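Undergrad: Just dropping this structure here.
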Amino acid sequence: SRLIDSKLKEKIARLSQKEDYEVGDLSRLIDSKVRDKVAKLKEKDKYEAGDLARLIDSAIKEQAKEISRSSQWVDSKVKEKIAKLNQKDNYEAGDFARLIDSTIKEQANELSKTSQWVDSKVKEKVAELNQKEDYEV
């Protein structure tokens with residue numbers, strides 16, 4: 001543990017370009033590197049108070065714009081697809097609900113037809129098994 005401690009202190013002192021480690025050297029070293037990097041990102045010679053906050057704020061705003069553009073693109077593609085499914089040129093509010101409603105009604109109608117067909121076939125078979133011309137309850 002002491003060996004690790006002394007090795008770390010030697011390394012920090014070397015990085016700080018000092019002969020001996022002093023408390024706070026690592027924090028000052030990190031602070032200096034961050035300030036230099038922020039100044040470089042801001043295309044300035046020297047870091048000024050608030051540069052990091054402005055850099056972060058700018059990055060967040062740019063990401064928000066990109067997310068908004070992506071969201072608008074997705075929204076337009078969904079609306080185009082819904083309009084096409086509704087056989088229309090342009091999407092109008094309520095088109096998706098109408099599409100779902102008509103699809104459900106079509107499927108229910110098909111299911112009803114299938115059910116009626118199955119029912120008629122069952123009745124024919126029951127009549128045949130009972131040796132009757134028509135099904136009787």
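Chains: A, B, ... in order of the structure tokens. Residues: from 1 per chain. Ligands: from 1, in order shown.
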Counting only C-alpha atoms, what is within 8 Å of Ile12 of chain A, bar same-chain residues fewer than 3 positions away, as a list in words?
TA: Leu8, Lys9, Leu15, Ser16, Tyr21, Asp25 and Leu26 of chain A
Undergrad: Any chance you could export the current selection's N, CA, C and O atoms as an mmCIF file, in the first residue's frame?
TA:
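The resulting file, selection-v1.cif, is shown below:
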```cif
data_model
loop_
_atom_site.group_PDB
_atom_site.id
_atom_site.type_symbol
_atom_site.label_atom_id
_atom_site.label_comp_id
_atom_site.auth_asym_id
_atom_site.auth_seq_id
_atom_site.Cartn_x
_atom_site.Cartn_y
_atom_site.Cartn_z
ATOM 1 N N LEU A 8 2.461 6.372 -6.951
ATOM 2 C CA LEU A 8 1.471 7.333 -7.458
ATOM 3 C C LEU A 8 1.948 8.762 -7.267
ATOM 4 O O LEU A 8 1.831 9.594 -8.170
ATOM 5 N N LYS A 9 2.491 9.057 -6.095
ATOM 6 C CA LYS A 9 2.973 10.416 -5.817
ATOM 7 C C LYS A 9 4.120 10.782 -6.756
ATOM 8 O O LYS A 9 4.183 11.920 -7.250
ATOM 9 N N LEU A 15 4.221 14.161 -13.730
ATOM 10 C CA LEU A 15 3.234 14.761 -14.640
ATOM 11 C C LEU A 15 3.066 16.257 -14.376
ATOM 12 O O LEU A 15 2.798 17.036 -15.290
ATOM 13 N N SER A 16 3.229 16.641 -13.109
ATOM 14 C CA SER A 16 3.097 18.052 -12.725
ATOM 15 C C SER A 16 4.383 18.822 -12.973
ATOM 16 O O SER A 16 4.445 20.027 -12.707
ATOM 17 N N TYR A 21 5.792 15.506 -4.818
ATOM 18 C CA TYR A 21 4.324 15.580 -4.821
ATOM 19 C C TYR A 21 3.857 16.453 -3.664
ATOM 20 O O TYR A 21 4.387 16.384 -2.562
ATOM 21 N N ASP A 25 -1.861 18.409 -6.137
ATOM 22 C CA ASP A 25 -1.204 18.408 -7.454
ATOM 23 C C ASP A 25 -2.063 17.727 -8.520
ATOM 24 O O ASP A 25 -2.168 18.214 -9.638
ATOM 25 N N LEU A 26 -2.646 16.597 -8.175
ATOM 26 C CA LEU A 26 -3.466 15.869 -9.148
ATOM 27 C C LEU A 26 -4.688 16.702 -9.559
ATOM 28 O O LEU A 26 -4.998 16.812 -10.745
#
```
Undergrad: Please provide the set of residues having any atom within 12 Å of Thr103 of chain A, restricted to only C-alpha atoms, with same-chain residues fewer than 6 positions apart removed, written as an NGL selection string.
TA: :A and (85-86 or 96-97 or 109-110)
Undergrad: Restricting the output to C-alpha atoms, write the selected residues as a short mmCIF file (atom, residue, chain, number, x, y, z; two decimals), in the first residue's frame.
TA:
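The resulting file, result_2.cif, is shown below:
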```
data_model
loop_
_atom_site.label_atom_id
_atom_site.label_comp_id
_atom_site.auth_asym_id
_atom_site.auth_seq_id
_atom_site.Cartn_x
_atom_site.Cartn_y
_atom_site.Cartn_z
CA LEU A 85 -52.55 2.77 -46.56
CA ASN A 86 -55.66 4.96 -46.62
CA PHE A 96 -54.71 6.21 -38.36
CA ALA A 97 -57.77 5.66 -36.15
CA ASN A 109 -66.70 -9.23 -41.45
CA GLU A 110 -64.35 -11.92 -42.80
#
```
Undergrad: For a test of reading the model, state the distance in Å between atom CA of Arg69 of chain A and atom CA of Leu52 of chain A, rounded to one decimal.
TA: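 Interatomic distance here is 25.8 Å.
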Undergrad: Using only C-alpha atoms, which of A:Thr114, A:Ser70, A:Gln63, A:Gln87 sits nearest Leu99 of chain A?
TA: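 When distances to Leu99 of chain A are compared using only C-alpha atoms, the smallest one comes from A:Gln87.
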Undergrad: Report, in Å with one decimal, the straight-line distance from atom CA of Ser32 of chain A to atom CA of Lys11 of chain A.
TA: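 Separation between atom CA of Ser32 of chain A and atom CA of Lys11 of chain A: 16.6 Å.
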Undergrad: Taking only residues of segment 45-101 of chain A that have an atom at most 8 Å from an atom of segment 37-41 of chain A, what is each one's shortest atom pair and its distance in Å to one decimal, using only C-alpha atoms, in chain and number order, as JSON lines?
TA:
```
{"residue": "A:Asp45", "atom": "CA", "partner": "A:Ala39", "partner_atom": "CA", "distance": 6.3}
{"residue": "A:Lys46", "atom": "CA", "partner": "A:Ala39", "partner_atom": "CA", "distance": 5.5}
{"residue": "A:Tyr47", "atom": "CA", "partner": "A:Ala39", "partner_atom": "CA", "distance": 4.7}
{"residue": "A:Glu48", "atom": "CA", "partner": "A:Ala39", "partner_atom": "CA", "distance": 7.8}
{"residue": "A:Asp51", "atom": "CA", "partner": "A:Val38", "partner_atom": "CA", "distance": 6.9}
{"residue": "A:Leu52", "atom": "CA", "partner": "A:Val38", "partner_atom": "CA", "distance": 6.2}
{"residue": "A:Leu55", "atom": "CA", "partner": "A:Val38", "partner_atom": "CA", "distance": 7.7}
```
Undergrad: Calculate how many Å separate atom CA of Gly50 of chain A from atom CA of Arg35 of chain A, rounding to one decimal.
TA: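 Distance reported for this atom pair: 10.6 Å.
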Undergrad: With only C-alpha atoms as the atoms that count, which of A:Gln17, A:Lys125, A:Tyr91, A:Ala64 lies nearest to Lys77 of chain A?
TA: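 Smallest separation from Lys77 of chain A among the options: A:Tyr91.
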Undergrad: Can you pull out the residues contacting segment 115-122 of chain A? Cut-off 12 Å, using only C-alpha atoms, and skip same-chain residues under 5 positions away; I want them as a list in words.
TA: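 So, after excluding close chain neighbours, the residues are Ala108, Asn109, Glu110, Ala127, Glu128, Leu129, Asp134, Tyr135 and Glu136 of chain A.
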